[in-house]
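Presented below is the structure to which this report refers.
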Amino acid sequence: MAHQIILTDQAPAPIGPYSQAVKAGNTVYVSGQIPLDAGGQLVAGDITAQTHQVLKNLTAILAAAGLTLADVVKCSIFVKDLGDFATINQVYGSYFDEATAPARETVEVARLPRDVQVEISCIAVEA
């Protein structure tokens with residue numbers, strides 16, 4: 001199956017050998033996003049600010065693929081401290097409608113790129 005690379009300057013450029021997202025058929029796989037702004041600068045602030053930036057990045061990449069967060073069917077959340085779960089969940093909930101929210105898992109990890117506190121990836125399906 002042929003696939004299409006999705007790239008936008010409205011989200012940070014990849015910091016390694018990967019794509020922001022790949023579209024295969026009607027499915028878009030968005031790479032894990034960390035709290036970097038579109039210029040690649042780390043967003044200062046607490047877990048709330050970092051989570052907002054990550055979700056803004058996901059939104060921008062999905063838009064480049066012609067999709068929105070409403071098209072997301074699965075998210076994976078990686079956190080440095082599971083003690084931040086409630087705060088991350090509150091911010092996450094402001095981006096997704098609870099009645100139609102995607103499937104998800106949240107995993108605590110030892111370390112994330114650039115020592116950030118949160119990373120989120122997602123899979124979206126074009127209707």
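Ordering of the structure tokens sets the chain letters (A, B, ...), residue numbers begin anew at 1 in every chain, and ligands are numbered from 1 in the order given.
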May I have the residues within 12 Å of Met1 of chain A as a ChimeraX atom specification, using only C-alpha atoms and disregarding those fewer than 5 positions away in the same chain? /A:23-27
Would you put the residues from that selection into a file with N, CA, C and O atoms, as a PDB file, in the first residue's frame?
```
ATOM      1  N   LYS A  23       0.239   8.926   6.195  1.00  0.00           N
ATOM      2  CA  LYS A  23      -1.114   8.524   5.820  1.00  0.00           C
ATOM      3  C   LYS A  23      -1.012   7.271   4.965  1.00  0.00           C
ATOM      4  O   LYS A  23      -0.303   7.246   3.962  1.00  0.00           O
ATOM      5  N   ALA A  24      -1.705   6.223   5.386  1.00  0.00           N
ATOM      6  CA  ALA A  24      -1.771   4.969   4.642  1.00  0.00           C
ATOM      7  C   ALA A  24      -3.246   4.636   4.464  1.00  0.00           C
ATOM      8  O   ALA A  24      -3.957   4.444   5.457  1.00  0.00           O
ATOM      9  N   GLY A  25      -3.702   4.643   3.241  1.00  0.00           N
ATOM     10  CA  GLY A  25      -5.137   4.458   3.005  1.00  0.00           C
ATOM     11  C   GLY A  25      -5.886   5.629   3.614  1.00  0.00           C
ATOM     12  O   GLY A  25      -5.555   6.783   3.373  1.00  0.00           O
ATOM     13  N   ASN A  26      -6.863   5.332   4.457  1.00  0.00           N
ATOM     14  CA  ASN A  26      -7.626   6.404   5.106  1.00  0.00           C
ATOM     15  C   ASN A  26      -7.219   6.605   6.557  1.00  0.00           C
ATOM     16  O   ASN A  26      -7.924   7.235   7.331  1.00  0.00           O
ATOM     17  N   THR A  27      -6.046   6.074   6.920  1.00  0.00           N
ATOM     18  CA  THR A  27      -5.571   6.165   8.299  1.00  0.00           C
ATOM     19  C   THR A  27      -4.323   7.039   8.371  1.00  0.00           C
ATOM     20  O   THR A  27      -3.423   6.911   7.539  1.00  0.00           O
TER      21      THR A  27
END
```
From the list A:Ile120, A:Val125, A:Ala110, A:Ile15, which residue is nearest Val72 of chain A when using only C-alpha atoms?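 Looking only at the distances to Val72 of chain A, the closest residue turns out to be A:Val125.
Around Val30 of chain A, within 9 Å and counting only C-alpha atoms, the residues found are Ile6, Ser19, Gln20, Ala21, Val22, Lys23, Val28, Gly32, Gln33, Leu58, Ile61, Leu62, Ser121, Cys122, Ile123 and Ala124 of chain A, once anything fewer than 2 positions away on its own chain is removed.
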Can you write out the residues you just picked, keeping N, CA, C and O atoms, as a compact mmCIF listing (two decimals), in the first residue's frame?
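Dumped everything to out.txt:
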```
# COMPACT_ATOMS: atom_id res chain seq x y z
N ILE A 6 3.11 13.27 5.81
CA ILE A 6 2.45 14.52 6.21
C ILE A 6 3.48 15.38 6.91
O ILE A 6 4.16 14.92 7.85
N SER A 19 8.78 10.81 10.39
CA SER A 19 7.89 11.82 9.82
C SER A 19 6.94 12.32 10.90
O SER A 19 6.65 11.60 11.86
N GLN A 20 6.45 13.54 10.74
CA GLN A 20 5.43 14.03 11.67
C GLN A 20 4.24 13.09 11.66
O GLN A 20 3.68 12.78 12.70
N ALA A 21 3.85 12.67 10.46
CA ALA A 21 2.74 11.72 10.31
C ALA A 21 2.87 11.02 8.97
O ALA A 21 3.51 11.52 8.04
N VAL A 22 2.22 9.87 8.89
CA VAL A 22 2.16 9.10 7.65
C VAL A 22 0.70 8.71 7.43
O VAL A 22 0.03 8.22 8.34
N LYS A 23 0.24 8.93 6.20
CA LYS A 23 -1.11 8.52 5.82
C LYS A 23 -1.01 7.27 4.97
O LYS A 23 -0.30 7.25 3.96
N VAL A 28 -4.29 7.91 9.38
CA VAL A 28 -3.13 8.78 9.60
C VAL A 28 -2.51 8.43 10.94
O VAL A 28 -3.20 8.41 11.97
N GLY A 32 4.72 10.63 17.97
CA GLY A 32 4.66 11.24 19.29
C GLY A 32 5.12 12.68 19.24
O GLY A 32 6.16 12.98 18.65
N GLN A 33 4.33 13.52 19.86
CA GLN A 33 4.65 14.95 19.91
C GLN A 33 5.04 15.32 21.34
O GLN A 33 4.40 14.88 22.29
N LEU A 58 -0.40 18.15 17.77
CA LEU A 58 -1.20 17.09 17.15
C LEU A 58 -2.28 17.69 16.26
O LEU A 58 -2.51 17.21 15.14
N ILE A 61 -0.78 18.99 12.95
CA ILE A 61 -0.39 17.91 12.04
C ILE A 61 -1.62 17.25 11.44
O ILE A 61 -1.67 16.98 10.22
N LEU A 62 -2.63 17.02 12.24
CA LEU A 62 -3.88 16.46 11.71
C LEU A 62 -4.48 17.40 10.67
O LEU A 62 -4.97 16.94 9.63
N SER A 121 1.05 10.47 21.04
CA SER A 121 0.91 10.11 19.63
C SER A 121 -0.55 9.74 19.39
O SER A 121 -1.30 9.51 20.34
N CYS A 122 -0.95 9.70 18.12
CA CYS A 122 -2.34 9.33 17.84
C CYS A 122 -2.49 8.69 16.47
O CYS A 122 -1.61 8.79 15.62
N ILE A 123 -3.63 8.04 16.31
CA ILE A 123 -4.04 7.45 15.04
C ILE A 123 -5.40 8.04 14.72
O ILE A 123 -6.30 8.06 15.58
N ALA A 124 -5.56 8.53 13.51
CA ALA A 124 -6.83 9.12 13.08
C ALA A 124 -7.29 8.42 11.80
O ALA A 124 -6.45 7.95 11.01
```
If DSSP is run on the backbone, what residues of chain A are helix (DSSP H, G or I)? A reply as a PyMOL selection string would be ideal. chain A and resi 47-64+69-71+82-93+98-100+113-115
File dump, residues just selected, N, CA, C and O atoms, as a short mmCIF file (atom, residue, chain, number, x, y, z; two decimals), in the first residue's frame:
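Listed below is the output, again35.cif:
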```
data_model
loop_
_atom_site.label_atom_id
_atom_site.label_comp_id
_atom_site.auth_asym_id
_atom_site.auth_seq_id
_atom_site.Cartn_x
_atom_site.Cartn_y
_atom_site.Cartn_z
N ILE A 47 3.29 20.98 33.67
CA ILE A 47 2.68 19.91 32.89
C ILE A 47 1.45 20.40 32.12
O ILE A 47 1.17 19.91 31.03
N THR A 48 0.74 21.38 32.66
CA THR A 48 -0.42 21.93 31.96
C THR A 48 0.01 22.59 30.66
O THR A 48 -0.54 22.31 29.59
N ALA A 49 0.99 23.47 30.72
CA ALA A 49 1.49 24.16 29.52
C ALA A 49 2.06 23.17 28.53
O ALA A 49 1.84 23.29 27.31
N GLN A 50 2.80 22.19 29.01
CA GLN A 50 3.40 21.20 28.12
C GLN A 50 2.34 20.36 27.42
O GLN A 50 2.43 20.10 26.22
N THR A 51 1.31 19.96 28.15
CA THR A 51 0.25 19.14 27.55
C THR A 51 -0.53 19.93 26.50
O THR A 51 -0.84 19.41 25.42
N HIS A 52 -0.82 21.20 26.79
CA HIS A 52 -1.50 22.05 25.80
C HIS A 52 -0.67 22.12 24.51
O HIS A 52 -1.22 22.00 23.41
N GLN A 53 0.64 22.32 24.63
CA GLN A 53 1.48 22.45 23.44
C GLN A 53 1.49 21.14 22.64
O GLN A 53 1.41 21.16 21.41
N VAL A 54 1.57 20.03 23.31
CA VAL A 54 1.56 18.73 22.63
C VAL A 54 0.25 18.58 21.83
O VAL A 54 0.27 18.17 20.66
N LEU A 55 -0.86 18.92 22.44
CA LEU A 55 -2.15 18.77 21.76
C LEU A 55 -2.30 19.79 20.63
O LEU A 55 -2.91 19.48 19.59
N LYS A 56 -1.72 20.96 20.76
CA LYS A 56 -1.70 21.93 19.66
C LYS A 56 -0.90 21.38 18.49
O LYS A 56 -1.29 21.53 17.32
N ASN A 57 0.22 20.73 18.78
CA ASN A 57 1.04 20.12 17.72
C ASN A 57 0.26 19.02 17.00
O ASN A 57 0.26 18.95 15.77
N LEU A 58 -0.40 18.15 17.77
CA LEU A 58 -1.20 17.09 17.15
C LEU A 58 -2.28 17.69 16.26
O LEU A 58 -2.51 17.21 15.14
N THR A 59 -2.94 18.74 16.75
CA THR A 59 -4.00 19.40 15.99
C THR A 59 -3.47 19.95 14.67
O THR A 59 -4.10 19.79 13.62
N ALA A 60 -2.30 20.58 14.70
CA ALA A 60 -1.70 21.16 13.49
C ALA A 60 -1.32 20.08 12.48
O ALA A 60 -1.55 20.24 11.28
N ILE A 61 -0.78 18.99 12.95
CA ILE A 61 -0.39 17.91 12.04
C ILE A 61 -1.62 17.25 11.44
O ILE A 61 -1.67 16.98 10.22
N LEU A 62 -2.63 17.02 12.24
CA LEU A 62 -3.88 16.46 11.71
C LEU A 62 -4.48 17.40 10.67
O LEU A 62 -4.97 16.94 9.63
N ALA A 63 -4.45 18.70 10.93
CA ALA A 63 -4.99 19.68 9.97
C ALA A 63 -4.26 19.58 8.64
O ALA A 63 -4.87 19.69 7.57
N ALA A 64 -2.95 19.37 8.69
CA ALA A 64 -2.17 19.23 7.45
C ALA A 64 -2.60 18.00 6.65
O ALA A 64 -2.43 17.96 5.44
N LEU A 69 -9.10 16.60 15.52
CA LEU A 69 -9.07 15.71 16.68
C LEU A 69 -10.30 14.81 16.74
O LEU A 69 -10.25 13.72 17.30
N ALA A 70 -11.40 15.25 16.14
CA ALA A 70 -12.62 14.43 16.12
C ALA A 70 -12.43 13.15 15.30
O ALA A 70 -13.19 12.19 15.45
N ASP A 71 -11.40 13.11 14.44
CA ASP A 71 -11.12 11.93 13.62
C ASP A 71 -10.18 10.94 14.32
O ASP A 71 -9.92 9.86 13.80
N LEU A 82 3.50 9.61 36.60
CA LEU A 82 2.08 9.28 36.56
C LEU A 82 1.29 10.08 37.60
O LEU A 82 0.08 10.19 37.51
N GLY A 83 1.98 10.71 38.51
CA GLY A 83 1.34 11.62 39.46
C GLY A 83 0.72 12.82 38.76
O GLY A 83 -0.15 13.49 39.31
N ASP A 84 1.15 13.09 37.52
CA ASP A 84 0.60 14.20 36.73
C ASP A 84 -0.64 13.78 35.94
O ASP A 84 -1.20 14.58 35.19
N PHE A 85 -1.09 12.54 36.09
CA PHE A 85 -2.19 12.01 35.29
C PHE A 85 -3.44 12.89 35.36
O PHE A 85 -4.03 13.20 34.33
N ALA A 86 -3.84 13.29 36.54
CA ALA A 86 -5.08 14.08 36.68
C ALA A 86 -4.99 15.40 35.91
O ALA A 86 -5.94 15.80 35.24
N THR A 87 -3.85 16.05 35.98
CA THR A 87 -3.67 17.33 35.27
C THR A 87 -3.66 17.10 33.77
O THR A 87 -4.33 17.83 33.02
N ILE A 88 -2.93 16.10 33.31
CA ILE A 88 -2.89 15.78 31.88
C ILE A 88 -4.29 15.45 31.40
O ILE A 88 -4.73 15.91 30.35
N ASN A 89 -5.01 14.65 32.18
CA ASN A 89 -6.36 14.23 31.81
C ASN A 89 -7.30 15.43 31.70
O ASN A 89 -8.16 15.48 30.80
N GLN A 90 -7.15 16.40 32.58
CA GLN A 90 -7.99 17.59 32.53
C GLN A 90 -7.74 18.38 31.25
O GLN A 90 -8.68 18.80 30.56
N VAL A 91 -6.47 18.59 30.90
CA VAL A 91 -6.13 19.30 29.67
C VAL A 91 -6.60 18.50 28.46
O VAL A 91 -7.24 19.03 27.56
N TYR A 92 -6.30 17.22 28.44
CA TYR A 92 -6.69 16.33 27.34
C TYR A 92 -8.20 16.40 27.13
O TYR A 92 -8.68 16.49 26.00
N GLY A 93 -8.96 16.39 28.22
CA GLY A 93 -10.42 16.45 28.14
C GLY A 93 -10.94 17.74 27.55
O GLY A 93 -12.08 17.78 27.06
N GLU A 98 -15.87 14.00 25.64
CA GLU A 98 -15.90 12.76 26.42
C GLU A 98 -16.79 11.68 25.79
O GLU A 98 -16.47 10.50 25.83
N ALA A 99 -17.87 12.09 25.17
CA ALA A 99 -18.81 11.12 24.58
C ALA A 99 -18.23 10.41 23.35
O ALA A 99 -18.65 9.30 23.02
N THR A 100 -17.26 11.04 22.69
CA THR A 100 -16.70 10.46 21.47
C THR A 100 -15.17 10.36 21.54
O THR A 100 -14.50 10.23 20.51
N PRO A 113 12.27 12.34 25.21
CA PRO A 113 13.19 13.23 24.50
C PRO A 113 13.22 14.63 25.11
O PRO A 113 12.19 15.16 25.52
N ARG A 114 14.40 15.18 25.16
CA ARG A 114 14.64 16.53 25.70
C ARG A 114 14.17 16.67 27.15
O ARG A 114 13.91 17.76 27.63
N ASP A 115 14.01 15.54 27.82
CA ASP A 115 13.60 15.50 29.24
C ASP A 115 12.27 16.20 29.50
O ASP A 115 12.05 16.78 30.57
#
```
For Glu105 of chain A, work out the shell of residues within 8 Å, counting only C-alpha atoms and skipping chain neighbours fewer than 5 positions away, then give it as a list in words.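 Non-adjacent residues within range: Cys75, Ser76 and Ile77 of chain A.
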Atoms to include: all heavy atoms. Write the selected residues as a PDB file, in the first residue's frame.
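Dumped to result-v4.pdb:
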```
ATOM      1  N   CYS A  75      -5.125   7.246  21.052  1.00  0.00           N
ATOM      2  CA  CYS A  75      -4.002   8.053  21.530  1.00  0.00           C
ATOM      3  C   CYS A  75      -3.147   7.208  22.467  1.00  0.00           C
ATOM      4  O   CYS A  75      -3.660   6.353  23.191  1.00  0.00           O
ATOM      5  CB  CYS A  75      -4.480   9.278  22.312  1.00  0.00           C
ATOM      6  SG  CYS A  75      -5.095  10.626  21.304  1.00  0.00           S
ATOM      7  N   SER A  76      -1.871   7.488  22.452  1.00  0.00           N
ATOM      8  CA  SER A  76      -0.942   6.908  23.420  1.00  0.00           C
ATOM      9  C   SER A  76      -0.274   8.069  24.141  1.00  0.00           C
ATOM     10  O   SER A  76       0.260   8.975  23.498  1.00  0.00           O
ATOM     11  CB  SER A  76       0.120   6.059  22.722  1.00  0.00           C
ATOM     12  OG  SER A  76      -0.484   4.967  22.069  1.00  0.00           O
ATOM     13  N   ILE A  77      -0.348   8.047  25.461  1.00  0.00           N
ATOM     14  CA  ILE A  77       0.242   9.115  26.272  1.00  0.00           C
ATOM     15  C   ILE A  77       1.382   8.520  27.086  1.00  0.00           C
ATOM     16  O   ILE A  77       1.218   7.499  27.761  1.00  0.00           O
ATOM     17  CB  ILE A  77      -0.801   9.743  27.224  1.00  0.00           C
ATOM     18  CG1 ILE A  77      -1.982  10.291  26.430  1.00  0.00           C
ATOM     19  CG2 ILE A  77      -0.146  10.827  28.087  1.00  0.00           C
ATOM     20  CD1 ILE A  77      -3.108  10.836  27.308  1.00  0.00           C
TER      21      ILE A  77
END
```
Just give me the gap between atom CA of Val118 of chain A and atom CA of Val73 of chain A in Å, one decimal is fine. 19.6 Å
From the list A:Leu67, A:Ala101, A:Leu112, A:Ala11, which residue is nearest Asp81 of chain A when using only C-alpha atoms? A:Leu112
If I take atom CA of Thr106 of chain A and atom CA of Gln4 of chain A, how far is one from the other in Å, to one decimal?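 Going from atom CA of Thr106 of chain A over to atom CA of Gln4 of chain A, I get 27.9 Å.
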Which of segment 24-115 of chain A counts as strand (DSSP E or B) under DSSP, as an MDAnalysis selection string please? chainID A and resid 24 27:33 36 42 72:79 103:108
